[in-house]
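File shown here: upload_11.cif, holding mmCIF, C-alpha atoms and all ligand atoms.
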data_start
loop_
_atom_site.label_atom_id
_atom_site.label_comp_id
_atom_site.auth_asym_id
_atom_site.auth_seq_id
_atom_site.Cartn_x
_atom_site.Cartn_y
_atom_site.Cartn_z
CA MET X 25 29.68 6.68 0.93
CA HIS X 26 28.16 7.36 -2.49
CA ARG X 27 26.34 10.69 -2.53
CA LYS X 28 24.33 12.23 -5.36
CA LEU X 29 22.30 15.39 -5.61
CA VAL X 30 19.42 15.31 -8.10
CA VAL X 31 18.47 18.87 -9.05
CA ASN X 32 15.85 20.55 -11.25
CA ILE X 33 13.05 18.10 -10.55
CA GLY X 34 9.94 19.74 -12.02
CA CYS X 35 7.63 17.80 -9.72
CA LEU X 36 8.52 15.29 -7.03
CA ALA X 37 5.49 13.04 -6.52
CA ASN X 38 4.40 11.01 -3.51
CA VAL X 39 6.58 12.90 -1.05
CA ARG X 40 5.91 11.74 2.50
CA PRO X 41 7.80 12.39 5.77
CA GLN X 42 6.40 9.09 7.03
CA THR X 43 4.09 6.56 5.50
CA GLN X 44 1.20 4.29 6.29
CA LEU X 45 -1.17 2.17 4.25
CA LEU X 46 -3.67 4.44 2.48
CA ARG X 47 -7.39 3.68 2.59
CA GLY X 48 -10.53 5.39 1.39
CA ALA X 49 -10.24 9.15 0.89
CA ALA X 50 -6.52 9.19 1.88
CA LEU X 51 -5.79 7.36 -1.37
CA SER X 52 -6.66 10.48 -3.37
CA GLU X 53 -4.01 12.61 -1.66
CA LEU X 54 -0.75 12.48 -3.60
CA PRO X 55 1.67 14.95 -1.96
CA LEU X 56 3.69 16.86 -4.59
CA LEU X 57 6.73 19.10 -4.29
CA ASN X 58 7.39 21.38 -7.28
CA ASN X 59 10.85 22.59 -8.30
CA ALA X 60 12.55 20.12 -5.99
CA TYR X 61 15.82 18.37 -5.25
CA LEU X 62 16.60 14.88 -3.97
CA PHE X 63 19.73 13.92 -2.09
CA LEU X 64 20.79 10.27 -2.28
CA GLU X 65 23.26 8.36 -0.13
CA ASP X 66 24.27 4.81 -1.04
CA GLY X 67 21.15 4.25 -3.12
CA LEU X 68 18.76 5.53 -0.47
CA ILE X 69 16.84 8.79 -0.23
CA ALA X 70 18.68 10.90 2.35
CA ALA X 71 16.90 14.25 1.95
CA PHE X 72 14.59 16.21 -0.33
CA GLY X 73 13.25 19.71 -0.49
CA SER X 74 12.65 22.68 -2.72
CA MET X 75 15.49 23.87 -4.98
CA GLN X 76 15.88 27.17 -3.11
CA THR X 77 16.82 25.36 0.09
CA ILE X 78 19.84 23.40 -1.20
CA SER X 79 22.82 24.07 1.08
CA ASP X 80 26.33 24.77 -0.30
CA GLU X 81 27.44 21.52 1.27
CA LEU X 82 24.97 19.52 -0.88
CA TRP X 83 26.12 21.26 -4.07
CA ALA X 84 29.58 19.78 -3.46
CA ASN X 85 28.33 16.27 -4.37
CA GLU X 86 27.88 14.54 -7.73
CA ILE X 87 25.07 16.44 -9.48
CA ILE X 88 22.37 14.87 -11.63
CA ASP X 89 20.22 17.34 -13.58
CA ALA X 90 16.66 16.02 -13.86
CA GLY X 91 15.92 18.65 -16.51
CA GLY X 92 12.46 19.43 -15.21
CA ALA X 93 11.30 15.81 -15.14
CA THR X 94 8.54 14.62 -12.86
CA VAL X 95 10.06 12.07 -10.47
CA LEU X 96 7.90 9.35 -8.94
CA PRO X 97 8.64 6.30 -6.80
CA ALA X 98 9.00 3.26 -9.09
CA TRP X 99 5.97 0.98 -9.40
CA CYS X 100 5.54 -1.69 -6.72
CA ASP X 101 3.99 -4.69 -8.48
CA SER X 102 2.68 -6.89 -5.67
CA HIS X 103 1.15 -9.74 -7.73
CA THR X 104 2.91 -11.52 -10.61
CA HIS X 105 3.52 -15.00 -11.98
CA LEU X 106 6.78 -13.92 -13.66
CA VAL X 107 8.35 -17.40 -13.84
CA PHE X 108 6.84 -19.54 -16.60
CA ALA X 109 8.14 -21.90 -19.25
CA ALA X 110 6.17 -20.78 -22.29
CA SER X 111 3.82 -18.09 -23.50
CA ARG X 112 0.28 -19.05 -24.58
CA GLU X 113 -0.52 -16.96 -27.64
CA ASP X 114 -1.79 -20.10 -29.45
CA GLU X 115 -4.50 -20.38 -26.80
CA PHE X 116 -5.25 -16.69 -27.26
CA VAL X 117 -5.79 -17.06 -31.00
CA LEU X 118 -7.91 -20.17 -30.51
CA LYS X 119 -10.07 -18.27 -28.03
CA LEU X 120 -10.47 -15.44 -30.55
CA LYS X 121 -11.77 -18.05 -32.98
CA GLY X 122 -14.26 -19.33 -30.39
CA ALA X 123 -12.47 -22.49 -29.22
CA THR X 124 -13.89 -24.51 -26.33
CA TYR X 125 -12.09 -25.17 -23.06
CA ALA X 126 -11.28 -28.74 -24.17
CA GLU X 127 -9.81 -27.53 -27.45
CA ILE X 128 -7.69 -24.99 -25.61
CA ALA X 129 -6.44 -27.59 -23.15
CA ALA X 130 -5.58 -29.93 -26.04
CA ALA X 131 -3.67 -27.14 -27.76
CA GLY X 132 -1.49 -26.44 -24.74
CA GLY X 133 -3.53 -23.86 -22.86
CA GLY X 134 -4.57 -23.52 -19.23
CA ILE X 135 -2.74 -23.70 -15.90
CA LEU X 136 -2.23 -27.49 -16.15
CA ASN X 137 -0.52 -27.19 -19.51
CA SER X 138 1.68 -24.39 -18.24
CA ALA X 139 2.54 -26.77 -15.39
CA ALA X 140 3.40 -29.62 -17.77
CA LYS X 141 5.76 -27.29 -19.66
CA LEU X 142 7.36 -25.99 -16.48
CA GLN X 143 7.85 -29.51 -15.11
CA SER X 144 9.95 -30.44 -18.14
CA ALA X 145 11.86 -27.13 -18.31
CA GLU X 146 15.43 -26.78 -17.02
CA GLU X 147 15.86 -24.56 -13.99
CA GLU X 148 18.54 -22.59 -15.82
CA ALA X 149 16.25 -21.83 -18.79
CA LEU X 150 13.44 -20.75 -16.47
CA TYR X 151 15.83 -18.45 -14.64
CA THR X 152 17.21 -16.87 -17.81
CA ALA X 153 13.75 -16.19 -19.25
CA ALA X 154 12.45 -14.74 -15.97
CA TRP X 155 15.57 -12.61 -15.58
CA LEU X 156 14.99 -11.09 -19.03
CA ARG X 157 11.35 -10.38 -18.18
CA LEU X 158 12.45 -8.72 -14.97
CA GLN X 159 14.88 -6.45 -16.84
CA GLU X 160 12.10 -5.41 -19.22
CA LEU X 161 9.77 -4.63 -16.33
CA MET X 162 12.41 -2.51 -14.62
CA LEU X 163 12.75 -0.45 -17.80
CA LEU X 164 8.96 0.02 -17.63
CA GLY X 165 9.37 1.48 -14.15
CA THR X 166 8.87 -1.49 -11.84
CA GLY X 167 11.04 -1.05 -8.77
CA ALA X 168 9.81 -3.88 -6.49
CA ILE X 169 7.99 -7.09 -7.36
CA GLU X 170 6.26 -10.14 -5.90
CA ILE X 171 6.57 -13.42 -7.81
CA LYS X 172 4.48 -16.56 -7.28
CA SER X 173 5.13 -20.24 -7.87
CA GLY X 174 2.11 -22.28 -8.95
CA TYR X 175 3.05 -23.64 -12.38
CA GLY X 176 4.92 -26.54 -10.76
CA LEU X 177 2.11 -28.44 -9.00
CA SER X 178 4.46 -31.24 -7.94
CA VAL X 179 6.95 -31.23 -5.05
CA GLU X 180 10.00 -31.04 -7.34
CA ALA X 181 8.55 -28.54 -9.80
CA GLU X 182 7.24 -26.17 -7.11
CA LEU X 183 10.68 -26.28 -5.45
CA LYS X 184 12.35 -25.69 -8.83
CA MET X 185 10.17 -22.65 -9.45
CA LEU X 186 10.76 -21.24 -5.98
CA ARG X 187 14.53 -21.78 -6.34
CA VAL X 188 14.38 -19.73 -9.55
CA ILE X 189 12.56 -16.98 -7.62
CA LYS X 190 15.18 -17.22 -4.84
CA ARG X 191 17.95 -16.69 -7.44
CA LEU X 192 16.08 -13.72 -8.91
CA LYS X 193 15.81 -12.35 -5.39
CA ALA X 194 19.54 -12.78 -4.77
CA ASN X 195 20.65 -11.24 -8.08
CA SER X 196 18.00 -8.61 -8.75
CA PRO X 197 18.74 -4.99 -7.93
CA ILE X 198 15.08 -4.51 -6.99
CA PRO X 199 13.35 -6.18 -4.01
CA VAL X 200 11.68 -9.48 -4.90
CA LYS X 201 9.15 -11.25 -2.65
CA ALA X 202 8.36 -14.96 -3.16
CA THR X 203 4.90 -16.46 -2.76
CA PHE X 204 4.20 -20.20 -2.68
CA LEU X 205 1.13 -20.98 -4.84
CA GLY X 206 1.15 -24.79 -4.86
CA ALA X 207 -2.65 -24.50 -4.59
CA HIS X 208 -3.10 -22.96 -8.06
CA ALA X 209 -4.95 -25.93 -9.63
CA PHE X 210 -5.45 -29.62 -8.89
CA PRO X 211 -3.10 -31.75 -11.00
CA GLU X 212 -4.81 -34.35 -13.25
CA LEU X 213 -3.50 -37.13 -11.00
CA PHE X 214 -5.40 -35.75 -7.99
CA LYS X 215 -8.60 -34.79 -9.78
CA ASN X 216 -10.56 -37.49 -7.97
CA ASN X 217 -8.69 -37.20 -4.70
CA GLN X 218 -8.32 -33.53 -3.95
CA GLN X 219 -7.52 -34.09 -0.28
CA ALA X 220 -4.41 -36.05 -1.27
CA TYR X 221 -3.08 -32.98 -3.11
CA VAL X 222 -3.93 -30.69 -0.20
CA ASP X 223 -2.04 -33.17 2.03
CA LEU X 224 0.92 -33.13 -0.39
CA ILE X 225 1.05 -29.34 -0.15
CA ILE X 226 0.86 -29.39 3.64
CA GLN X 227 2.98 -32.43 4.43
CA GLU X 228 5.64 -32.33 1.71
CA MET X 229 5.81 -29.02 -0.10
CA LEU X 230 5.55 -26.67 2.89
CA PRO X 231 8.23 -28.34 5.07
CA ALA X 232 10.66 -28.48 2.12
CA ILE X 233 9.99 -24.83 1.22
CA ALA X 234 10.46 -23.76 4.83
CA ALA X 235 13.71 -25.75 5.15
CA GLU X 236 15.20 -23.91 2.16
CA GLU X 237 13.56 -20.58 3.08
CA LEU X 238 12.03 -20.32 -0.37
CA ALA X 239 8.86 -18.33 0.34
CA ASP X 240 7.70 -15.17 2.08
CA TYR X 241 3.96 -15.67 1.55
CA ILE X 242 1.41 -18.36 0.72
CA ASP X 243 -1.33 -18.11 -1.91
CA VAL X 244 -4.34 -20.24 -2.88
CA PHE X 245 -6.62 -19.87 -5.94
CA CYS X 246 -9.90 -19.90 -3.97
CA GLU X 247 -12.51 -20.34 -6.70
CA GLN X 248 -15.26 -22.68 -7.90
CA GLY X 249 -13.60 -25.59 -9.70
CA PHE X 250 -10.27 -24.83 -7.98
CA PHE X 251 -9.77 -24.65 -4.19
CA SER X 252 -12.77 -24.43 -1.85
CA VAL X 253 -12.92 -22.06 1.11
CA GLN X 254 -12.34 -25.03 3.45
CA GLN X 255 -9.28 -26.16 1.50
CA THR X 256 -8.01 -22.57 1.41
CA ILE X 257 -8.30 -22.31 5.19
CA GLN X 258 -6.57 -25.66 5.72
CA ILE X 259 -3.64 -24.73 3.46
CA CYS X 260 -3.23 -21.21 4.87
CA GLU X 261 -3.37 -22.42 8.48
CA ALA X 262 -0.56 -24.83 7.63
CA GLY X 263 1.40 -22.07 5.89
CA LYS X 264 1.05 -19.84 8.93
CA GLN X 265 2.81 -22.53 11.02
CA TYR X 266 5.87 -21.78 8.86
CA GLY X 267 5.44 -18.02 9.16
CA LEU X 268 3.90 -17.56 5.70
CA LEU X 269 1.15 -14.92 5.65
CA PRO X 270 -1.59 -15.44 3.06
CA LYS X 271 -1.92 -13.34 -0.11
CA LEU X 272 -4.85 -14.97 -1.90
CA HIS X 273 -6.56 -15.19 -5.29
CA VAL X 274 -10.24 -14.66 -4.38
CA ASN X 275 -13.46 -13.52 -6.06
CA GLN X 276 -12.11 -13.57 -9.61
CA LEU X 277 -15.08 -15.43 -11.09
CA ASN X 278 -17.39 -16.08 -8.12
CA SER X 279 -17.95 -14.88 -4.58
CA ILE X 280 -17.72 -18.13 -2.58
CA GLY X 281 -16.58 -16.78 0.78
CA GLY X 282 -12.90 -16.18 0.01
CA VAL X 283 -12.99 -12.59 1.27
CA GLU X 284 -14.45 -13.54 4.64
CA ALA X 285 -12.05 -16.48 5.03
CA GLY X 286 -9.04 -14.44 3.91
CA ILE X 287 -9.76 -11.69 6.41
CA ALA X 288 -10.26 -14.24 9.20
CA LEU X 289 -6.88 -15.76 8.24
CA GLY X 290 -5.24 -12.34 8.56
CA ALA X 291 -4.32 -12.23 4.87
CA LEU X 292 -1.95 -9.41 3.92
CA SER X 293 -3.82 -9.04 0.65
CA LEU X 294 -6.84 -10.44 -1.22
CA ASP X 295 -6.28 -10.21 -4.95
CA HIS X 296 -8.45 -10.07 -8.13
CA LEU X 297 -11.87 -9.07 -6.64
CA GLU X 298 -13.70 -8.84 -9.98
CA THR X 299 -16.81 -10.34 -8.35
CA MET X 300 -17.62 -8.62 -5.06
CA THR X 301 -20.91 -8.65 -3.14
CA ALA X 302 -21.93 -5.69 -0.97
CA GLN X 303 -21.13 -7.87 2.05
CA ASP X 304 -17.62 -8.64 0.70
CA ILE X 305 -16.95 -4.91 0.29
CA LEU X 306 -18.21 -4.15 3.79
CA LEU X 307 -16.01 -6.88 5.30
CA LEU X 308 -12.91 -5.63 3.45
CA SER X 309 -13.55 -2.03 4.42
CA ASN X 310 -13.35 -3.00 8.10
CA ALA X 311 -10.24 -5.14 7.74
CA ALA X 312 -6.49 -4.48 7.77
CA THR X 313 -6.26 -6.67 4.64
CA ILE X 314 -5.38 -4.92 1.36
CA GLY X 315 -7.57 -5.46 -1.72
CA THR X 316 -5.31 -5.84 -4.77
CA LEU X 317 -6.98 -5.11 -8.09
CA LEU X 318 -5.66 -6.64 -11.31
CA PRO X 319 -7.43 -4.74 -14.12
CA THR X 320 -5.28 -6.12 -16.95
CA ALA X 321 -6.50 -9.65 -16.11
CA ALA X 322 -10.11 -8.46 -16.33
CA TYR X 323 -9.26 -6.71 -19.62
CA PHE X 324 -7.57 -9.71 -21.19
CA LEU X 325 -10.35 -12.11 -20.14
CA ARG X 326 -13.08 -9.58 -21.00
CA MET X 327 -14.43 -9.78 -17.46
CA PRO X 328 -16.17 -6.93 -15.67
CA TYR X 329 -13.53 -4.71 -14.04
CA GLN X 330 -13.03 -4.66 -10.28
CA PRO X 331 -15.43 -2.25 -8.47
CA ALA X 332 -12.62 0.13 -7.52
CA ARG X 333 -14.90 3.09 -6.80
CA ASP X 334 -17.18 1.11 -4.48
CA LEU X 335 -14.16 -0.31 -2.67
CA ILE X 336 -12.42 3.04 -2.21
CA ASP X 337 -15.62 4.87 -1.28
CA ALA X 338 -16.33 2.18 1.33
CA GLY X 339 -12.91 2.90 2.90
CA CYS X 340 -10.94 -0.13 1.68
CA ALA X 341 -7.15 -0.10 1.24
CA ILE X 342 -6.55 -0.76 -2.45
CA ALA X 343 -3.38 -1.74 -4.32
CA LEU X 344 -2.91 -2.21 -8.07
CA ALA X 345 -0.80 -4.97 -9.61
CA SER X 346 -0.17 -6.50 -13.04
CA ASP X 347 -0.86 -10.24 -12.45
CA PHE X 348 1.76 -10.82 -15.18
CA ASN X 349 1.19 -14.44 -16.33
CA PRO X 350 0.89 -16.27 -19.66
CA GLY X 351 -2.83 -17.11 -19.28
CA SER X 352 -4.75 -14.07 -18.10
CA SER X 353 -2.40 -11.08 -18.19
CA PRO X 354 0.53 -11.50 -20.56
CA SER X 355 1.87 -8.06 -19.69
CA GLY X 356 3.60 -6.72 -16.61
CA ASN X 357 3.38 -3.11 -17.73
CA MET X 358 2.33 -1.14 -14.64
CA ASN X 359 1.92 2.06 -16.68
CA MET X 360 -0.89 0.28 -18.51
CA VAL X 361 -2.36 -0.94 -15.20
CA VAL X 362 -2.43 2.63 -13.85
CA SER X 363 -3.99 3.99 -17.03
CA MET X 364 -6.60 1.25 -17.23
CA SER X 365 -7.54 1.78 -13.58
CA CYS X 366 -8.42 5.40 -14.31
CA ILE X 367 -10.07 4.86 -17.68
CA GLN X 368 -12.07 1.74 -16.88
CA MET X 369 -12.49 1.81 -13.09
CA LYS X 370 -12.75 5.58 -12.60
CA MET X 371 -9.88 5.76 -10.17
CA LEU X 372 -8.40 9.25 -9.93
CA PRO X 373 -4.82 9.62 -11.18
CA GLU X 374 -3.66 10.26 -7.59
CA GLU X 375 -5.50 7.16 -6.34
CA ALA X 376 -4.05 4.96 -9.06
CA ILE X 377 -0.49 6.19 -8.48
CA ASN X 378 -0.76 5.70 -4.71
CA ALA X 379 -2.26 2.24 -5.21
CA ALA X 380 0.52 1.23 -7.64
CA THR X 381 3.34 2.58 -5.45
CA LEU X 382 2.87 2.95 -1.70
CA ASN X 383 -0.04 0.54 -1.21
CA GLY X 384 1.62 -1.94 -3.58
CA ALA X 385 4.71 -1.78 -1.37
CA TYR X 386 2.59 -2.50 1.72
CA ALA X 387 0.91 -5.39 -0.13
CA MET X 388 4.28 -7.17 -0.23
CA GLY X 389 5.65 -6.12 3.14
CA LEU X 390 7.88 -3.38 1.69
CA GLY X 391 6.05 -0.35 3.07
CA ASP X 392 9.15 0.73 5.01
CA SER X 393 11.57 0.64 2.08
CA CYS X 394 9.66 1.35 -1.13
CA GLY X 395 6.69 3.14 -2.66
CA SER X 396 7.20 6.80 -1.73
CA ILE X 397 9.72 9.63 -1.62
CA SER X 398 10.65 9.32 2.04
CA VAL X 399 13.99 9.55 3.84
CA GLY X 400 15.51 6.10 4.24
CA LYS X 401 13.58 4.50 1.39
CA LYS X 402 15.23 3.11 -1.73
CA ALA X 403 16.03 5.51 -4.56
CA ASN X 404 14.01 3.40 -7.01
CA LEU X 405 12.54 6.16 -9.14
CA ILE X 406 10.84 6.96 -12.43
CA PHE X 407 12.01 10.09 -14.26
CA THR X 408 9.35 11.09 -16.80
CA LYS X 409 9.64 12.86 -20.11
CA PRO X 410 8.37 16.45 -19.89
CA ILE X 411 4.76 16.39 -18.65
CA ASN X 412 2.59 19.17 -17.27
CA SER X 413 0.65 17.26 -14.67
CA ILE X 414 0.35 13.92 -12.92
CA ALA X 415 -2.98 13.31 -14.67
CA TYR X 416 -1.13 13.16 -18.00
CA ILE X 417 0.39 9.81 -16.95
CA PRO X 418 -2.85 7.75 -17.03
CA TYR X 419 -4.43 10.02 -19.66
CA ALA X 420 -1.83 9.38 -22.37
CA PHE X 421 -2.37 5.61 -22.30
CA GLY X 422 0.06 3.53 -24.28
CA ALA X 423 2.58 6.35 -24.59
CA ASN X 424 5.99 5.71 -23.11
CA LEU X 425 6.36 8.62 -20.73
CA ILE X 426 9.37 7.20 -18.94
CA ASP X 427 12.63 8.94 -19.75
CA ARG X 428 14.89 7.12 -17.28
CA VAL X 429 14.52 4.66 -14.42
CA MET X 430 16.77 4.84 -11.38
CA ILE X 431 17.33 1.77 -9.21
CA ASN X 432 19.31 2.06 -5.95
CA GLY X 433 20.45 5.51 -7.01
CA ASN X 434 21.78 4.39 -10.43
CA PHE X 435 20.13 4.90 -13.81
CA LEU X 436 19.43 1.65 -15.71
O1 LIG X 501 -4.03 -14.82 -11.53
N1 LIG X 501 -6.50 -16.90 -11.51
C1 LIG X 501 -5.63 -17.72 -11.43
N2 LIG X 501 -4.37 -17.66 -11.88
C2 LIG X 501 -3.85 -16.74 -12.84
C3 LIG X 501 -4.02 -17.22 -14.25
C4 LIG X 501 -3.32 -18.48 -14.47
C5 LIG X 501 -3.21 -18.96 -15.88
O2 LIG X 501 -4.16 -18.92 -16.69
O3 LIG X 501 -2.11 -19.44 -16.18
C6 LIG X 501 -4.39 -15.35 -12.57
O4 LIG X 501 -5.15 -14.77 -13.35
FE FE X 502 -2.62 -14.16 -10.34
#
Whole structure, structure tokens version:
Amino acid sequence: MHRKLVVNIGCLANVRPQTQLLRGAALSELPLLNNAYLFLEDGLIAAFGSMQTISDELWANEIIDAGGATVLPAWCDSHTHLVFAASREDEFVLKLKGATYAEIAAAGGGILNSAAKLQSAEEEALYTAAWLRLQELMLLGTGAIEIKSGYGLSVEAELKMLRVIKRLKANSPIPVKATFLGAHAFPELFKNNQQAYVDLIIQEMLPAIAAEELADYIDVFCEQGFFSVQQTIQICEAGKQYGLLPKLHVNQLNSIGGVEAGIALGALSLDHLETMTAQDILLLSNAATIGTLLPTAAYFLRMPYQPARDLIDAGCAIALASDFNPGSSPSGNMNMVVSMSCIQMKMLPEEAINAATLNGAYAMGLGDSCGSISVGKKANLIFTKPINSIAYIPYAFGANLIDRVMINGNFL
């Protein structure tokens, strides 16, 4: 057994004997332990406590001196589109110059163009690029991640994308969850026969995905001009037959009933939520479903931010995620997400850290293994540079406050 004793931790953050999803006021409680130690066994947290209580027996193990660092659970990023064939900075520049949607599409922008590029990309190249992105995110403190398909939009290309995610899952030192997002946009071919594409998802994609065990969750972009509430329900009901719980894109641009439908479907999470009615907030506050906010997508698209305060004050369970994708959030930097959530959405530092760790873990079914300093959970940890308080993390936006990242008990 591999045992390590981490000593001289200035502040151990998000320390919890046992955990549960945090909602409402509980989100603002971030339990801290000053002047602490952590004991690790085979990459898992085996014990923790204050420095004065370390037994002689523990001192006999390999010692790591944290040098006064603040130690936090690594970020749990529960919503990304990490696998893609090409970035879209050309589209970005065109938009800055005032280009129209048609001009952007012609220049290689939009979901359908990302799909065309992914369809012609080799699986190996997609894997290599996604693997590199994953390494970069780990260095930025991400210690668990969800990755969606949805740039395939054909049977073969969706399977190719999900096989890439399966390989990432097999080879990555951090937990990876796979979500099937065949319902991201209607392909050109099905523009005048949407039901045929919904049927393709249900009759061909889902059985093939289930046979190869390629997905943990199912997602639909429920939005005007994309998938209707009825289509969302039909696709999710079919997914549930294969054991795939919904994690849905809803209320990004319009409130069309996605929150109500998602809750009725028993969705694990409803993500985006830029556009929420009072009724949507009330429904979510009474549901087990997690609301996942993606502030960097709102930032990049210059949309109003998610109403985090209203959601938390109503008693909702909120998670934060990056939405890393080439179209609306070309960054998977969770430090930025946490900072932006405080600066732009008035979340408290404690709320943002809880939402980006423990609640993020619950939003991808990893609440028992990630997201807090708890015995039995993974030693996926962020060691900060010297800081005086937790609030300094979101306050000093854009600064790299991470000294070292530990994954499964080993520094990267
Ligand atoms: O989560 N909203 C839908 N899908 C992505 C953006 C997709 C794209 O532009 O490529 C999102 O923001
Ligand atoms: Fe997304």
Worksheet item: What does the distance between atom CA of Ala403 of chain X and atom CA of Phe435 of chain X come to in Å, to one decimal place?
Response: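 Value for the atom CA of Ala403 of chain X-atom CA of Phe435 of chain X distance: 10.1 Å.
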Discussion item. When you look at Asp304 of chain X with a cut-off of 9 Å (counting all atoms listed in the file), what residues show up, excluding the ones that are within fewer than 5 positions of it in the same chain? I need them as a list in words.
Written reply: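 So, after excluding close chain neighbours, the residues are Ser279, Gly281, Gly282, Val283, Glu284 and Ser309 of chain X.
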Worksheet item: What separation in Å, quoted to one decimal, exists between atom CA of Ile406 of chain X and atom CA of Ile426 of chain X?
Response: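 According to the coordinates, atom CA of Ile406 of chain X and atom CA of Ile426 of chain X are separated by 6.7 Å.
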Fill in: ligand FE 502 (chain X) neighbours within 7 Å using all atoms listed in the file, as a ChimeraX atom specification
/X:103-105,273,347
Response to the item:
Restricting to all atoms listed in the file, whichever of X:Ala345, X:Ala312, X:Ala322, X:Phe204 is closest to Gln44 of chain X is X:Ala312
Item to complete: Pick out the residues sitting within 9 Å of Gly134 of chain X, and hand them over as a list of chain:residue names; count all atoms listed in the file, and ignore anything fewer than 5 positions along from it in its own chain.
Response: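 Once the adjacent positions are removed, what remains is X:Arg112, X:Glu115, X:Tyr125, X:Ile128, X:Ala129, X:Ala139, X:Gly351.
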Practice prompt. Could you give me the residues within 10 Å of ligand LIG 501 (chain X), counting only C-alpha atoms and all ligand atoms, as a PyMOL selection string?
Written response: chain X and resi 103-105+108+111-112+133-139+172+174-175+205+208-209+244-247+250+272-277+295-296+318+320-322+324-325+346-354
Taking only residues of segment 320-426 of chain X that have an atom at most 10 Å from an atom of segment 149-165 of chain X, what is each one's shortest atom pair and its distance in Å to one decimal, using only C-alpha atoms, in chain and number order, as a tab-separated table?
residue	atom	partner	partner_atom	distance
X:Ser355	CA	X:Leu161	CA	9.2
X:Gly356	CA	X:Leu161	CA	6.5
X:Asn357	CA	X:Leu164	CA	6.4
X:Met358	CA	X:Leu164	CA	7.4
X:Asn359	CA	X:Leu164	CA	7.4
X:Met360	CA	X:Leu164	CA	9.9
X:Asn404	CA	X:Gly165	CA	8.7
X:Leu405	CA	X:Gly165	CA	7.6
X:Ile406	CA	X:Gly165	CA	5.9
X:Phe407	CA	X:Gly165	CA	9.0
X:Thr408	CA	X:Gly165	CA	10.0
X:Asn424	CA	X:Leu164	CA	8.4
X:Leu425	CA	X:Leu164	CA	9.5
X:Ile426	CA	X:Leu164	CA	7.3
Worksheet item: In terms of the shortest atom-to-atom distance over only C-alpha atoms, which of X:Thr299, X:Gln258, X:Gln330, X:Ser398 is closest to Lys370 of chain X?
Response: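 For Lys370 of chain X, the nearest of the candidates is X:Gln330.
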Practice prompt. List every protein, DNA or RNA residue that has at least one atom no more than 8 Å from (10.9, 0.4, 3.6) in the file's coordinates, counting all atoms listed in the file, and write the result as a list in words.
Written response: Leu390, Gly391, Asp392, Ser393, Cys394, Gly400, Lys401 and Lys402 of chain X
Worksheet item: Can you tell me, as number ranges by chain, what residues are no more than 8 Å from Glu375 of chain X when counting all atoms listed in the file, ignoring any on the same chain fewer than 5 positions away?
Response: X: 51-54
Discussion item. Calculated over only C-alpha atoms, which of the candidates X:Gly286, X:Gly422, X:Gly267, X:Gly206 has the smallest distance to Glu180 of chain X?
Written reply: X:Gly206
Discussion item. For a quick check of your reading of the model, name the residues lying within 8 Å of the coordinate (10.6, -19.3, -8.7), counting all atoms listed in the file, and write them as a PyMOL selection string.
Written reply: chain X and resi 107+151+171-173+182-192+202
Would you compute, for all listed atoms of segment 167-177 of chain X, the axis-aligned bounding box grown by 5 Å on each side, and then report its centre and edge lengths in Å rounded to one decimal, as AutoDock Vina command-line options?
--center_x 6.6 --center_y -14.7 --center_z -9.1 --size_x 18.9 --size_y 37.4 --size_z 16.5
Fill in: Separation of atom CA of Ile336 of chain X from atom CA of Gln254 of chain X, in Å and rounded to one decimal
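Atom-to-atom, atom CA of Ile336 of chain X and atom CA of Gln254 of chain X are spaced 28.6 Å apart.
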Worksheet entry | Residue contacts of Gly67 of chain X (8 Å, only C-alpha atoms) excluding same-chain residues fewer than 6 positions away, as a list in words | His26, Lys402, Ala403, Ile431, Asn432, Gly433 and Asn434 of chain X
Each residue of segment 160-200 of chain X lying at most 7 Å from segment 89-99 of chain X should get a row with its shortest atom-to-atom pair and the distance in Å to one decimal, counting all atoms listed in the file; could you produce that, ordered by chain and increasing number, as a Markdown table?
| residue | atom | partner | partner_atom | distance |
| --- | --- | --- | --- | --- |
| X:Gly165 | CA | X:Ala98 | CA | 5.4 |
| X:Thr166 | CA | X:Trp99 | CA | 4.5 |
| X:Gly167 | CA | X:Ala98 | CA | 4.8 |
| X:Ala168 | CA | X:Trp99 | CA | 6.8 |
Residues near Lys271 of chain X, cut-off 6 Å, all atoms listed in the file, skip fewer than 2 positions along chain, as a compact mmCIF listing (two decimals) with C-alpha atoms, keeping the file's coordinate frame:
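Contents of the output file out-v7.txt:
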# COMPACT_ATOMS: atom_id res chain seq x y z
CA ASP X 243 -1.33 -18.11 -1.91
CA ALA X 291 -4.32 -12.23 4.87
CA LEU X 292 -1.95 -9.41 3.92
CA SER X 293 -3.82 -9.04 0.65
CA LEU X 294 -6.84 -10.44 -1.22
Fill in: Using only C-alpha atoms: which of X:Leu289, X:Ala232, X:Cys340, X:Val361 has the shortest distance to Leu307 of chain X
X:Cys340
Worksheet item: Which residue gives the smallest distance to Gln248 of chain X among X:Asn278, X:Gln42, X:Thr301, X:Ser144, with only C-alpha atoms counted?
Response: X:Asn278
